[in-house]
Amino acid sequence: MSRIAVGLAIETSSDVGTVALDDQDPPRVARFTEGLSHGKLLLPSIESLLKAAGLRRPDYVAVGIGPGSYTGLRIGVTVARTLAWTWEVPLLGIGSLTALALEAGWQARPVVTLVDAKQGEVYAAVFRWQGGLPRMVQGPVIGAPDEIRSDLPPEAVWVGDGCRMLGVTSATPDANVQAAGVLRLARERFLRGERDRIPTVLPLYLRPSEAERRLEARS
């Protein structure tokens, strides 16, 4: 009997970072919440999970690519790419908002994910459940609540910490993007034989960086 493939997922798009390893059901999860100190806490969390599972490396690596924090995404994607290359295992990039949509559970209505993007803006995307998983049908976008409200389906199920900014109620209180959700989506792709080329797995920022804004202001 062949061994079941084990995946490792990294999600660092927000202040709360998580790592998940699915050598068991439910997956092992490590969570760190010290602001955006992902650079110090991510690798020790990964090492701890692998040690607890008695593994030297997983069979594939998955990473949430955002949208989200510049610092968090840069660290998470860089570490995921480095580990996949070092371990010589496949890498899969997963949209963080798709992982968040999982937190709402199966829904017949559209699911809208809303994440606080700071500076009075939110990240938003619209999903429909198809084949047992949420599929993005609109977005992702970033904008002030009043700018994007009219583009979102009013009959939707809402989820995410950006719900309060639109004055709607999240279907799952305190829902955040989780590495376990990233891993669930990645496993589906992995079992279908899909793989991403390591150089193509990049952070999805949506908003220009501070350096880019300064450069544009000077030009």
# chains A, B, ... in the order shown; residues from 1 in each chain; ligands from 1
call {"tool": "select_by_dssp", "arguments": {"residues": "range 3-214 of chain A", "states": "strand (DSSP E or B)", "output": "VMD selection string"}}
result
chain A and resid 7 to 11 17 to 21 28 to 32 60 to 64 91 to 94 111 to 118 121 to 130 133 to 143 157 to 159 196
call {"tool": "closest_atom_pairs", "arguments": {"of": "range 26-100 of chain A", "to": "range 172-194 of chain A", "cutoff": "12 Å", "atoms": "only C-alpha atoms", "output": "CSV"}}
result
residue,atom,partner,partner_atom,distance
A:Pro26,CA,A:Ala180,CA,8.8
A:Pro27,CA,A:Ala180,CA,6.8
A:Arg28,CA,A:Ala180,CA,8.5
A:Val29,CA,A:Ala180,CA,7.3
A:Ala30,CA,A:Ala179,CA,9.0
A:Arg31,CA,A:Ala179,CA,9.2
A:Phe32,CA,A:Gln178,CA,11.5
A:Ile46,CA,A:Ala179,CA,11.8
A:Asp59,CA,A:Phe190,CA,10.0
A:Tyr60,CA,A:Phe190,CA,8.2
A:Val61,CA,A:Ala186,CA,8.5
A:Ala62,CA,A:Ala186,CA,6.2
A:Val63,CA,A:Val182,CA,6.8
A:Gly64,CA,A:Val182,CA,6.2
A:Ile65,CA,A:Val182,CA,9.6
A:Gly66,CA,A:Val177,CA,9.6
A:Pro67,CA,A:Val177,CA,10.8
A:Gly68,CA,A:Val177,CA,10.2
A:Gly76,CA,A:Ala179,CA,11.1
A:Val89,CA,A:Phe190,CA,11.3
A:Pro90,CA,A:Phe190,CA,8.5
A:Leu91,CA,A:Ala186,CA,9.1
A:Leu92,CA,A:Ala186,CA,6.3
A:Gly93,CA,A:Ala186,CA,7.7
A:Ile94,CA,A:Val182,CA,6.2
A:Gly95,CA,A:Val182,CA,7.8
A:Ser96,CA,A:Val177,CA,6.3
A:Leu97,CA,A:Val177,CA,7.2
A:Thr98,CA,A:Val182,CA,8.1
A:Ala99,CA,A:Gly181,CA,4.8
A:Leu100,CA,A:Val177,CA,4.7
call {"tool": "closest_residue", "arguments": {"among": "A:Ser69, A:Trp129, A:Tyr123, A:Val137", "to": "Asp161 in chain A", "atoms": "only C-alpha atoms"}}
result
A:Tyr123
call {"tool": "residues_around", "arguments": {"residues": "Ala53 in chain A", "least_positions_apart": "4", "cutoff": "9 Å", "atoms": "only C-alpha atoms", "output": "list of chain:residue names"}}
result
A:Leu21, A:Asp23, A:Gln24, A:Arg28, A:Ser48, A:Leu49
call {"tool": "write_last_selection", "arguments": {"atoms": "C-alpha atoms", "output": "JSON list (two decimals), in the first residue's frame"}}
result
[["chain", "number", "residue", "atom", "x", "y", "z"],
["A", 21, "LEU", "CA", 0.90, 19.60, 8.46],
["A", 23, "ASP", "CA", 0.10, 13.79, 8.51],
["A", 24, "GLN", "CA", -3.00, 13.22, 10.65],
["A", 28, "ARG", "CA", -1.29, 19.53, 13.14],
["A", 48, "SER", "CA", 8.34, 21.74, 15.58],
["A", 49, "LEU", "CA", 5.54, 20.27, 13.45]]
call {"tool": "atom_distance", "arguments": {"atom1": "CA of Asp116 in chain A", "atom2": "CA of Asp196 in chain A"}}
result
28.2 Å
call {"tool": "select_by_dssp", "arguments": {"residues": "range 4-52 of chain A", "states": "alpha helix (DSSP H)", "output": "list in words"}}
result
His38, Gly39, Lys40, Leu41, Leu42, Leu43, Pro44, Ser45, Ile46, Glu47, Ser48, Leu49, Leu50, Lys51 and Ala52 of chain A
